[in-house]
2 protein chains.
Amino acid sequence: MPSIKDVAQAAGVSTATVSRVLANTSRVSDETRQRVLEAVEQLSYRPNLIARSLRVQKSAKIGLVVSDIRNPFFTAIGRAVEDAAYEQGYSVLMCNTDENPEKEELYLNVLHDENVAGIIFSPTQKFGAKLSTFNSNIPFVIIDRVVNMKQADMVLLDNVTAGYELAEHLIENGYRKIAGLFGNASTTAPERNQGWLKALREHQLKPFGEYFIPPRIKQGYDTTLALLNQAERPDAIFTSNSLLTAGVFQAIRDFKLMVPNDIALVGFDETTWGELVDPPITLIAQPTEEIGRTATELLFQRIEEPTRSPKTVILKGKLLARGSSAKR
Amino acid sequence: MPSIKDVAQAAGVSTATVSRVLANTSRVSDETRQRVLEAVEQLSYRPNLIARSLRVQKSAKIGLVVSDIRNPFFTAIGRAVEDAAYEQGYSVLMCNTDENPEKEELYLNVLHDENVAGIIFSPTQKFGAKLSTFNSNIPFVIIDRVVNMKQADMVLLDNVTAGYELAEHLIENGYRKIAGLFGNASTTAPERNQGWLKALREHQLKPFGEYFIPPRIKQGYDTTLALLNQAERPDAIFTSNSLLTAGVFQAIRDFKLMVPNDIALVGFDETTWGELVDPPITLIAQPTEEIGRTATELLFQRIEEPTRSPKTVILKGKLLARGSSAKR
DNA sequence: TTGTAAGCGTTATCAC
DNA sequence: GTGATAACGCTTACAA
């Protein structure tokens, strides 16, 4: 692996000149530039980014720290961030924390030590709380989950409105006994809950049961079975998370009920299966491409101007009405 | 950000001693060690890994380069690699190449420049071909896709046997007019094709049509519609990839045929939706956890002993027989 | 057991 | 326009 010294020697110049040519940072005579470029070519020299990073204390990489790599929502965002960063000549290092605060700290440190230019981060509630403690001067943007921190740039969904619209849709279509299953891990669920409550209230309805549970398929399944075993059953189930939706769907089927005739089902986030099942699932789709792209742009803005006042971008979800909540 | 100098000063020792205490590399008196540790604590010092990496020319990170982050197969492997590496004190940097050879080169370079200790890589066919050209002394392990390169460690599925078993299963259950949809992008599809051909041959059957197409939902859908519009229809469809399976499933439904009564459907890889749809899909599940773990272990072995002779680990898929291929 | 100092590959600050 | 040289923060011979 040739170093800048080798290039300098081959071109008969100093390392400083080589650096200048490569960085295009100050005037160099055409002739010298030529010689240097030839030597670079000749030796197929590639600058050592570690050394450069040590010297200038930053790099052309950004970090993306997500809580669950298996969640299609985050992988879609990953793709979007990747694309946006690539256009700017940046690389993305993606880290998976598995909702584990220890790993969050680990990876934040790794990325910091990596001298990444910035970080896009969806923190757990636990970590979000102590995020302000985590005193780092590295630019970052929070996505998906709100943190209580005035200095942070954020890209969020308008979860309250989304929850409202989804509930409103059910009510409009004639459902009245609506149960709600909400995740208990992130800040998005309570907001969606708030929206659905508002819609119910406006129609003088009461929730037909409300459950805050771990956002996993199994919990959705178990909770639904319990719900369906009661004397009086709901005529619709509202879920705040696609894993819960999957669990509910399974339970309804195992209970031999028909969707939507016996019971309607609605949820959040597009998935492959949402339109493969019968009937396809009504849901609020998040604009993942736009979330990822916006977060990346915000991050680059902050990298450019670290003292800029924080900005929060709130995007709207889109209701995709499908068979699982057809008019009764 | 305090440096090792600050710690040394605070503890009244040299930087060398601090380094020794932290690395636990040679004997230091208990008293000095104590003082150093206190200073570290006091200043909340964290060693600069960039500098360390520049100095020792390696790091405690490995790279994982996958071709499609949205494919559940790869995210599952990502999780497994992550876990295995974490246990060894290594961090994982995950990169998504989107089946784009340019990005493959970019990220391989980024990771190389990052001084990662090694790379786990699922190359495109295109890049795989020129991989041997890519002369790098960085340890790596290939997963999922075979490359024509004697020096590479690999972790692969026994795709021929898997294809054989899946076809055999259909035949056993009474299907005779079996069409096959295979991806045309990776090396896995031709191997699975080979297995299915073998099974058909053993039963004196001929493929009821064989299609090599881009492994995308849409192509699976379109191809299936064409297939179903023919005068004589197949009684089963074999797919080599979960995206194709999804497309086929959709097409069959839109064509108002019943699975498996009118037509059976089998494929590869576990997905969330595979058991949510009605009927659930029969498939060959890949041992993703084991693939990721094995690849990581192989990588660490090679890091330890770079000249060890290359090893290829071939794992078996597992047939999950479900409703979509029930006995006729 | 501990300290001194060289060096990893860059870039930036001075001189000339 | 170009070249020395210091510095980034660390590890590791080599001395003491």
# chains A, B, ... in the order shown; residues from 1 in each chain; ligands from 1
>>> calpha_fit_and_write(fixed="chain A", moving="chain B", output="short mmCIF file (atom, residue, chain, number, x, y, z; two decimals) with C-alpha atoms, in the first residue's frame")
data_model
loop_
_atom_site.label_atom_id
_atom_site.label_comp_id
_atom_site.auth_asym_id
_atom_site.auth_seq_id
_atom_site.Cartn_x
_atom_site.Cartn_y
_atom_site.Cartn_z
CA MET B 1 0.01 -0.02 0.04
CA PRO B 2 1.80 3.06 -1.23
CA SER B 3 1.74 6.20 0.87
CA ILE B 4 1.78 9.82 -0.09
CA LYS B 5 5.55 9.74 0.31
CA ASP B 6 5.91 7.15 -2.41
CA VAL B 7 3.82 9.25 -4.73
CA ALA B 8 5.82 12.35 -3.90
CA GLN B 9 9.05 10.52 -4.58
CA ALA B 10 7.80 9.03 -7.83
CA ALA B 11 6.65 12.43 -9.03
CA GLY B 12 9.73 14.21 -7.78
CA VAL B 13 7.78 16.61 -5.59
CA SER B 14 7.04 17.03 -1.88
CA THR B 15 4.25 15.32 -0.03
CA ALA B 16 2.64 18.71 0.45
CA THR B 17 2.29 19.14 -3.29
CA VAL B 18 0.75 15.74 -3.70
CA SER B 19 -1.73 16.58 -0.99
CA ARG B 20 -2.53 19.84 -2.70
CA VAL B 21 -3.12 18.21 -6.05
CA LEU B 22 -5.42 15.63 -4.52
CA ALA B 23 -7.37 18.11 -2.45
CA ASN B 24 -7.45 20.67 -5.25
CA THR B 25 -6.96 23.17 -2.51
CA SER B 26 -4.47 25.64 -3.92
CA ARG B 27 -2.83 26.46 -7.15
CA VAL B 28 -0.40 23.95 -8.58
CA SER B 29 1.24 24.26 -11.98
CA ASP B 30 -0.35 22.14 -14.66
CA GLU B 31 2.88 20.39 -15.29
CA THR B 32 3.43 19.32 -11.68
CA ARG B 33 -0.19 18.32 -11.31
CA GLN B 34 0.19 16.13 -14.34
CA ARG B 35 3.26 14.42 -12.93
CA VAL B 36 1.57 13.82 -9.60
CA LEU B 37 -1.56 12.42 -11.18
CA GLU B 38 0.54 10.08 -13.23
CA ALA B 39 2.39 8.84 -10.19
CA VAL B 40 -0.91 8.33 -8.38
CA GLU B 41 -2.21 6.33 -11.29
CA GLN B 42 1.02 4.41 -11.65
CA LEU B 43 1.16 3.33 -8.03
CA SER B 44 -2.62 3.05 -7.80
CA TYR B 45 -2.34 5.17 -4.72
CA ARG B 46 -5.32 5.64 -2.47
CA PRO B 47 -5.08 8.11 0.40
CA ASN B 48 -5.26 6.60 3.85
CA LEU B 49 -8.47 7.94 5.31
CA ILE B 50 -7.54 7.00 8.83
CA ALA B 51 -4.52 9.23 8.69
CA ARG B 52 -6.49 11.99 7.04
CA SER B 53 -9.20 11.61 9.61
CA LEU B 54 -6.71 11.78 12.45
CA ARG B 55 -5.31 14.92 10.98
CA VAL B 56 -8.45 16.84 10.10
CA GLN B 57 -10.62 15.33 12.83
CA LYS B 58 -13.48 14.37 10.62
CA SER B 59 -14.46 12.06 7.80
CA ALA B 60 -16.84 11.58 4.90
CA LYS B 61 -18.94 9.03 6.72
CA ILE B 62 -22.18 9.27 8.61
CA GLY B 63 -23.58 6.79 11.07
CA LEU B 64 -27.09 5.40 11.11
CA VAL B 65 -28.11 3.83 14.40
CA VAL B 66 -31.41 1.97 14.35
CA SER B 67 -33.17 -0.01 17.01
CA ASP B 68 -34.22 -2.98 14.92
CA ILE B 69 -32.70 -3.88 11.62
CA ARG B 70 -35.40 -6.47 11.01
CA ASN B 71 -38.16 -3.91 11.02
CA PRO B 72 -38.92 -3.10 7.36
CA PHE B 73 -39.56 0.48 8.37
CA PHE B 74 -35.94 0.93 9.38
CA THR B 75 -34.44 -0.92 6.47
CA ALA B 76 -36.44 1.27 4.12
CA ILE B 77 -35.06 4.32 5.88
CA GLY B 78 -31.61 2.81 5.68
CA ARG B 79 -31.90 2.62 1.93
CA ALA B 80 -33.05 6.21 1.68
CA VAL B 81 -30.27 7.53 3.90
CA GLU B 82 -27.77 5.49 1.95
CA ASP B 83 -28.93 7.01 -1.33
CA ALA B 84 -29.00 10.58 -0.08
CA ALA B 85 -25.56 10.28 1.49
CA TYR B 86 -24.09 8.57 -1.55
CA GLU B 87 -25.10 11.54 -3.68
CA GLN B 88 -23.03 13.78 -1.42
CA GLY B 89 -20.04 11.48 -1.54
CA TYR B 90 -20.65 10.19 1.94
CA SER B 91 -20.70 6.60 3.09
CA VAL B 92 -23.13 5.23 5.63
CA LEU B 93 -22.19 2.96 8.49
CA MET B 94 -25.29 1.24 9.78
CA CYS B 95 -25.50 -0.05 13.32
CA ASN B 96 -28.16 -2.16 14.94
CA THR B 97 -28.83 -1.71 18.64
CA ASP B 98 -31.63 -4.19 19.07
CA GLU B 99 -33.38 -1.79 21.46
CA ASN B 100 -30.46 -2.38 23.85
CA PRO B 101 -29.22 0.81 25.57
CA GLU B 102 -25.78 -0.73 26.08
CA LYS B 103 -25.37 -1.26 22.38
CA GLU B 104 -26.65 2.21 21.74
CA GLU B 105 -23.87 3.61 23.86
CA LEU B 106 -21.32 1.27 22.30
CA TYR B 107 -22.18 2.25 18.76
CA LEU B 108 -22.45 5.92 19.48
CA ASN B 109 -18.94 5.67 20.84
CA VAL B 110 -17.67 3.60 17.96
CA LEU B 111 -19.06 6.09 15.49
CA HIS B 112 -17.69 8.97 17.46
CA ASP B 113 -14.27 7.38 17.56
CA GLU B 114 -14.66 6.83 13.85
CA ASN B 115 -14.86 10.59 13.44
CA VAL B 116 -18.11 10.30 11.55
CA ALA B 117 -19.37 13.64 10.39
CA GLY B 118 -22.74 13.00 11.99
CA ILE B 119 -25.24 10.45 13.20
CA ILE B 120 -28.86 9.65 12.42
CA PHE B 121 -30.37 7.94 15.39
CA SER B 122 -33.60 6.35 16.57
CA PRO B 123 -33.07 6.00 20.31
CA THR B 124 -34.89 3.78 22.76
CA GLN B 125 -37.01 5.63 25.24
CA LYS B 126 -34.53 4.75 27.92
CA PHE B 127 -31.56 6.11 26.07
CA GLY B 128 -33.46 9.06 24.71
CA ALA B 129 -33.99 10.24 28.24
CA LYS B 130 -30.30 10.38 29.02
CA LEU B 131 -29.31 11.51 25.57
CA SER B 132 -28.67 15.05 26.66
CA THR B 133 -26.22 13.70 29.23
CA PHE B 134 -24.30 12.06 26.46
CA ASN B 135 -22.28 15.14 25.87
CA SER B 136 -20.86 14.93 22.45
CA ASN B 137 -20.33 17.69 19.99
CA ILE B 138 -21.09 15.43 17.10
CA PRO B 139 -23.98 16.57 14.92
CA PHE B 140 -26.98 14.29 15.00
CA VAL B 141 -30.57 13.96 13.87
CA ILE B 142 -33.22 11.98 15.71
CA ILE B 143 -35.74 10.04 13.68
CA ASP B 144 -39.04 8.32 14.41
CA ARG B 145 -39.06 8.87 18.14
CA VAL B 146 -39.37 12.14 19.91
CA VAL B 147 -36.79 12.96 22.56
CA ASN B 148 -37.08 15.55 25.20
CA MET B 149 -34.18 17.66 24.14
CA LYS B 150 -34.36 21.12 22.80
CA GLN B 151 -31.10 21.07 20.86
CA ALA B 152 -31.95 18.11 18.67
CA ASP B 153 -32.95 18.09 15.03
CA MET B 154 -35.75 15.62 14.49
CA VAL B 155 -37.73 14.02 11.69
CA LEU B 156 -41.00 12.61 12.92
CA LEU B 157 -44.35 11.42 11.74
CA ASP B 158 -47.45 13.32 12.69
CA ASN B 159 -48.56 10.36 14.75
CA VAL B 160 -51.51 12.03 16.41
CA THR B 161 -53.11 12.93 13.11
CA ALA B 162 -52.26 9.53 11.68
CA GLY B 163 -53.94 7.78 14.59
CA TYR B 164 -56.90 10.11 14.24
CA GLU B 165 -57.33 9.45 10.54
CA LEU B 166 -57.05 5.74 10.91
CA ALA B 167 -59.68 5.64 13.66
CA GLU B 168 -61.87 8.10 11.79
CA HIS B 169 -61.70 5.84 8.76
CA LEU B 170 -63.00 2.91 10.79
CA ILE B 171 -65.81 4.94 12.24
CA GLU B 172 -66.81 6.32 8.86
CA ASN B 173 -67.01 2.79 7.55
CA GLY B 174 -69.48 1.85 10.22
CA TYR B 175 -67.38 0.28 12.95
CA ARG B 176 -68.26 1.20 16.50
CA LYS B 177 -66.76 -1.30 18.91
CA ILE B 178 -63.11 -0.59 18.27
CA ALA B 179 -60.35 -2.14 20.37
CA GLY B 180 -56.80 -0.75 20.28
CA LEU B 181 -53.45 -2.53 20.62
CA PHE B 182 -50.50 -0.23 21.20
CA GLY B 183 -46.77 -0.84 21.61
CA ASN B 184 -45.27 0.02 24.98
CA ALA B 185 -41.67 0.59 23.87
CA SER B 186 -41.41 3.77 21.86
CA THR B 187 -42.93 7.21 21.97
CA THR B 188 -44.87 6.71 18.77
CA ALA B 189 -47.56 4.49 20.24
CA PRO B 190 -48.87 6.96 22.85
CA GLU B 191 -49.15 9.62 20.17
CA ARG B 192 -51.10 7.34 17.88
CA ASN B 193 -53.24 6.46 20.85
CA GLN B 194 -53.98 10.12 21.44
CA GLY B 195 -55.22 10.52 17.88
CA TRP B 196 -57.48 7.53 18.00
CA LEU B 197 -58.95 8.68 21.32
CA LYS B 198 -59.72 12.04 19.79
CA ALA B 199 -61.57 10.42 16.88
CA LEU B 200 -63.55 8.19 19.20
CA ARG B 201 -64.42 11.09 21.44
CA GLU B 202 -65.68 13.17 18.54
CA HIS B 203 -68.14 10.42 17.75
CA GLN B 204 -69.14 9.86 21.36
CA LEU B 205 -67.51 6.46 21.31
CA LYS B 206 -65.48 4.74 23.98
CA PRO B 207 -62.52 2.46 23.30
CA PHE B 208 -63.63 -1.13 23.28
CA GLY B 209 -60.56 -2.05 25.25
CA GLU B 210 -57.09 -0.50 25.05
CA TYR B 211 -53.91 -2.51 25.48
CA PHE B 212 -50.31 -1.33 25.80
CA ILE B 213 -48.11 -4.33 25.17
CA PRO B 214 -44.64 -5.23 23.85
CA PRO B 215 -44.69 -4.64 20.10
CA ARG B 216 -44.16 -8.26 19.07
CA ILE B 217 -46.16 -10.67 16.97
CA LYS B 218 -46.71 -13.02 19.87
CA GLN B 219 -48.12 -10.37 22.19
CA GLY B 220 -50.47 -9.20 19.49
CA TYR B 221 -51.62 -12.75 19.00
CA ASP B 222 -52.16 -13.53 22.67
CA THR B 223 -53.92 -10.28 23.44
CA THR B 224 -56.27 -10.73 20.52
CA LEU B 225 -57.19 -14.28 21.52
CA ALA B 226 -58.07 -13.06 24.99
CA LEU B 227 -60.08 -10.24 23.49
CA LEU B 228 -62.03 -12.54 21.18
CA ASN B 229 -62.84 -14.92 23.99
CA GLN B 230 -64.82 -12.28 25.83
CA ALA B 231 -68.61 -12.39 25.81
CA GLU B 232 -68.92 -9.33 23.63
CA ARG B 233 -66.43 -8.96 20.81
CA PRO B 234 -65.11 -5.80 19.18
CA ASP B 235 -66.06 -5.21 15.55
CA ALA B 236 -62.66 -3.72 14.71
CA ILE B 237 -59.07 -3.77 15.98
CA PHE B 238 -56.71 -0.84 15.68
CA THR B 239 -52.96 -1.55 15.99
CA SER B 240 -50.10 0.90 16.32
CA ASN B 241 -47.38 -1.28 14.87
CA SER B 242 -46.97 -3.75 12.01
CA LEU B 243 -45.76 -6.58 14.21
CA LEU B 244 -48.86 -6.30 16.34
CA THR B 245 -50.95 -6.24 13.17
CA ALA B 246 -49.40 -9.53 12.09
CA GLY B 247 -50.18 -11.12 15.45
CA VAL B 248 -53.75 -9.90 15.44
CA PHE B 249 -54.26 -11.13 11.92
CA GLN B 250 -53.05 -14.59 12.85
CA ALA B 251 -55.25 -14.74 15.93
CA ILE B 252 -58.34 -13.70 14.03
CA ARG B 253 -57.72 -16.39 11.48
CA ASP B 254 -57.08 -19.06 14.07
CA PHE B 255 -60.30 -17.98 15.73
CA LYS B 256 -62.06 -18.63 12.41
CA LEU B 257 -63.43 -15.15 12.06
CA MET B 258 -63.66 -13.33 8.76
CA VAL B 259 -62.04 -9.99 8.08
CA PRO B 260 -63.72 -7.57 7.75
CA ASN B 261 -67.20 -9.10 8.04
CA ASP B 262 -66.73 -10.38 11.57
CA ILE B 263 -64.03 -7.95 12.55
CA ALA B 264 -62.02 -5.23 10.83
CA LEU B 265 -58.27 -4.69 11.22
CA VAL B 266 -56.11 -1.63 10.60
CA GLY B 267 -52.52 -0.74 11.43
CA PHE B 268 -49.33 1.12 10.57
CA ASP B 269 -46.49 0.78 8.09
CA GLU B 270 -46.26 -0.87 4.73
CA THR B 271 -44.96 -4.41 4.64
CA THR B 272 -44.62 -7.02 1.94
CA TRP B 273 -47.36 -9.10 3.47
CA GLY B 274 -49.88 -6.30 4.01
CA GLU B 275 -51.23 -6.66 0.49
CA LEU B 276 -50.58 -10.35 0.06
CA VAL B 277 -52.99 -11.49 2.71
CA ASP B 278 -56.70 -11.77 2.09
CA PRO B 279 -58.12 -9.24 2.53
CA PRO B 280 -55.23 -6.78 2.23
CA ILE B 281 -54.67 -4.62 5.29
CA THR B 282 -55.73 -1.00 5.62
CA LEU B 283 -52.88 1.03 7.05
CA ILE B 284 -51.11 4.32 7.49
CA ALA B 285 -48.01 4.26 5.31
CA GLN B 286 -45.06 6.27 6.50
CA PRO B 287 -43.04 8.17 3.89
CA THR B 288 -39.85 6.25 4.63
CA GLU B 289 -37.97 7.54 1.62
CA GLU B 290 -38.73 11.10 2.62
CA ILE B 291 -37.93 10.51 6.27
CA GLY B 292 -34.51 9.12 5.41
CA ARG B 293 -33.78 11.80 2.87
CA THR B 294 -34.91 14.63 5.10
CA ALA B 295 -32.91 13.33 8.04
CA THR B 296 -29.81 13.14 5.88
CA GLU B 297 -30.32 16.65 4.56
CA LEU B 298 -30.90 18.00 8.03
CA LEU B 299 -27.74 16.30 9.16
CA PHE B 300 -25.68 17.82 6.38
CA GLN B 301 -27.12 21.22 7.17
CA ARG B 302 -26.08 20.88 10.77
CA ILE B 303 -22.64 19.66 9.79
CA GLU B 304 -22.26 22.79 7.68
CA GLU B 305 -23.61 25.08 10.34
CA PRO B 306 -23.34 23.48 13.78
CA THR B 307 -24.92 26.38 15.61
CA ARG B 308 -28.02 26.63 13.45
CA SER B 309 -31.13 26.54 15.57
CA PRO B 310 -32.67 23.07 15.83
CA LYS B 311 -35.36 22.08 13.39
CA THR B 312 -38.11 19.51 13.73
CA VAL B 313 -39.68 18.22 10.53
CA ILE B 314 -43.03 16.53 10.89
CA LEU B 315 -44.23 14.44 7.99
CA LYS B 316 -47.71 13.14 7.28
CA GLY B 317 -48.63 9.48 6.95
CA LYS B 318 -50.87 8.33 4.15
CA LEU B 319 -54.00 6.32 4.68
CA LEU B 320 -54.19 3.30 2.38
CA ALA B 321 -57.75 2.04 2.66
CA ARG B 322 -58.00 -1.60 1.68
CA GLY B 323 -60.19 -4.61 2.18
CA SER B 324 -59.57 -5.22 5.87
CA SER B 325 -61.75 -2.27 6.84
CA ALA B 326 -64.34 -2.25 4.07
CA LYS B 327 -67.69 -0.53 4.71
CA ARG B 328 -70.02 -2.68 6.66
#
>>> select_by_dssp(residues="stretch 27-212 of chain A", states="alpha helix (DSSP H)", output="PyMOL selection string")
chain A and resi 30-43+49-56+72-87+101-113+125-129+159-172+188-202
>>> write_last_selection(atoms="C-alpha atoms", output="compact mmCIF listing (two decimals), in the first residue's frame")
# COMPACT_ATOMS: atom_id res chain seq x y z
CA ASP A 30 0.40 22.58 -14.17
CA GLU A 31 3.60 20.76 -14.79
CA THR A 32 4.04 19.61 -11.20
CA ARG A 33 0.39 18.69 -10.94
CA GLN A 34 0.81 16.53 -14.01
CA ARG A 35 3.80 14.72 -12.60
CA VAL A 36 2.02 14.09 -9.31
CA LEU A 37 -1.09 12.78 -11.00
CA GLU A 38 0.99 10.43 -13.07
CA ALA A 39 2.75 9.10 -10.01
CA VAL A 40 -0.60 8.60 -8.29
CA GLU A 41 -1.87 6.67 -11.27
CA GLN A 42 1.32 4.70 -11.61
CA LEU A 43 1.35 3.52 -8.02
CA LEU A 49 -8.49 7.85 5.20
CA ILE A 50 -7.62 6.84 8.73
CA ALA A 51 -4.58 9.11 8.68
CA ARG A 52 -6.52 11.89 7.07
CA SER A 53 -9.28 11.48 9.57
CA LEU A 54 -6.83 11.60 12.44
CA ARG A 55 -5.40 14.77 11.04
CA VAL A 56 -8.53 16.70 10.13
CA PRO A 72 -39.08 -3.14 7.18
CA PHE A 73 -39.70 0.45 8.17
CA PHE A 74 -36.08 0.89 9.17
CA THR A 75 -34.60 -0.97 6.25
CA ALA A 76 -36.59 1.24 3.90
CA ILE A 77 -35.19 4.28 5.68
CA GLY A 78 -31.75 2.77 5.46
CA ARG A 79 -32.06 2.57 1.71
CA ALA A 80 -33.20 6.17 1.46
CA VAL A 81 -30.41 7.48 3.66
CA GLU A 82 -27.93 5.45 1.71
CA ASP A 83 -29.08 6.95 -1.58
CA ALA A 84 -29.14 10.54 -0.32
CA ALA A 85 -25.70 10.23 1.24
CA TYR A 86 -24.23 8.52 -1.80
CA GLU A 87 -25.25 11.48 -3.93
CA PRO A 101 -29.31 0.73 25.33
CA GLU A 102 -25.89 -0.82 25.83
CA LYS A 103 -25.50 -1.35 22.12
CA GLU A 104 -26.76 2.13 21.48
CA GLU A 105 -23.98 3.51 23.60
CA LEU A 106 -21.45 1.18 22.04
CA TYR A 107 -22.30 2.15 18.50
CA LEU A 108 -22.57 5.83 19.21
CA ASN A 109 -19.07 5.58 20.58
CA VAL A 110 -17.81 3.50 17.70
CA LEU A 111 -19.18 5.99 15.22
CA HIS A 112 -17.82 8.86 17.21
CA ASP A 113 -14.40 7.26 17.31
CA GLN A 125 -37.06 5.63 25.05
CA LYS A 126 -34.57 4.72 27.72
CA PHE A 127 -31.62 6.06 25.84
CA GLY A 128 -33.52 9.02 24.50
CA ALA A 129 -34.02 10.20 28.05
CA ASN A 159 -48.60 10.37 14.67
CA VAL A 160 -51.52 12.05 16.37
CA THR A 161 -53.17 12.94 13.09
CA ALA A 162 -52.34 9.54 11.66
CA GLY A 163 -53.97 7.80 14.62
CA TYR A 164 -56.92 10.10 14.31
CA GLU A 165 -57.42 9.44 10.62
CA LEU A 166 -57.13 5.72 11.00
CA ALA A 167 -59.72 5.64 13.79
CA GLU A 168 -61.95 8.09 11.94
CA HIS A 169 -61.83 5.81 8.92
CA LEU A 170 -63.08 2.89 10.99
CA ILE A 171 -65.88 4.94 12.49
CA GLU A 172 -66.94 6.28 9.11
CA THR A 188 -44.87 6.74 18.65
CA ALA A 189 -47.53 4.52 20.19
CA PRO A 190 -48.79 7.01 22.81
CA GLU A 191 -49.12 9.65 20.10
CA ARG A 192 -51.10 7.36 17.85
CA ASN A 193 -53.18 6.47 20.87
CA GLN A 194 -53.90 10.15 21.47
CA GLY A 195 -55.19 10.53 17.91
CA TRP A 196 -57.45 7.55 18.09
CA LEU A 197 -58.87 8.70 21.42
CA LYS A 198 -59.68 12.07 19.90
CA ALA A 199 -61.57 10.45 17.02
CA LEU A 200 -63.51 8.22 19.38
CA ARG A 201 -64.37 11.13 21.63
CA GLU A 202 -65.66 13.20 18.74
>>> select_by_dssp(residues="stretch 177-308 of chain A", states="strand (DSSP E or B)", output="PyMOL selection string")
chain A and resi 178-183+210-213+236-239+264-268+282-285
>>> interface_residues(of="chain D", to="chain B", cutoff="7 Å", atoms="only C-alpha atoms (C1' of nucleotides)", output="PyMOL selection string")
chain D and resi 9-11
>>> write_last_selection(atoms="N, CA and C atoms (P, O5', C5', C4', C3', O3' and C1' of nucleotides)", output="tab-separated table (two decimals), in the first residue's frame")
chain	number	residue	atom	x	y	z
D	9	DG	P	-5.45	15.08	19.48
D	9	DG	O5'	-5.14	13.54	19.76
D	9	DG	C5'	-6.06	12.56	19.33
D	9	DG	C4'	-5.44	11.20	19.53
D	9	DG	C3'	-5.00	10.92	20.96
D	9	DG	O3'	-5.61	9.71	21.35
D	9	DG	C1'	-3.29	10.37	19.43
D	10	DC	P	-5.32	8.97	22.68
D	10	DC	O5'	-4.34	7.80	22.22
D	10	DC	C5'	-4.89	6.71	21.50
D	10	DC	C4'	-3.80	6.02	20.72
D	10	DC	C3'	-2.93	5.08	21.52
D	10	DC	O3'	-3.51	3.79	21.45
D	10	DC	C1'	-1.69	6.32	19.88
D	11	DT	P	-2.94	2.64	22.40
D	11	DT	O5'	-1.61	2.19	21.63
D	11	DT	C5'	-1.75	1.41	20.47
D	11	DT	C4'	-0.37	1.05	19.95
D	11	DT	C3'	0.39	0.03	20.78
D	11	DT	O3'	1.02	-0.83	19.85
D	11	DT	C1'	1.72	1.95	20.50
>>> interface_residues(of="chain C", to="chain B", cutoff="8 Å", atoms="only C-alpha atoms (C1' of nucleotides)", output="NGL selection string")
:C and (1-3 or 8-9)
>>> atom_distance(atom1="atom C1' of C:DT4", atom2="atom C1' of D:DC8")
19.6 Å
>>> atom_distance(atom1="atom C1' of D:DT5", atom2="atom C1' of C:DA5")
16.7 Å
>>> atom_distance(atom1="atom C1' of D:DG3", atom2="atom C1' of C:DA15")
8.9 Å
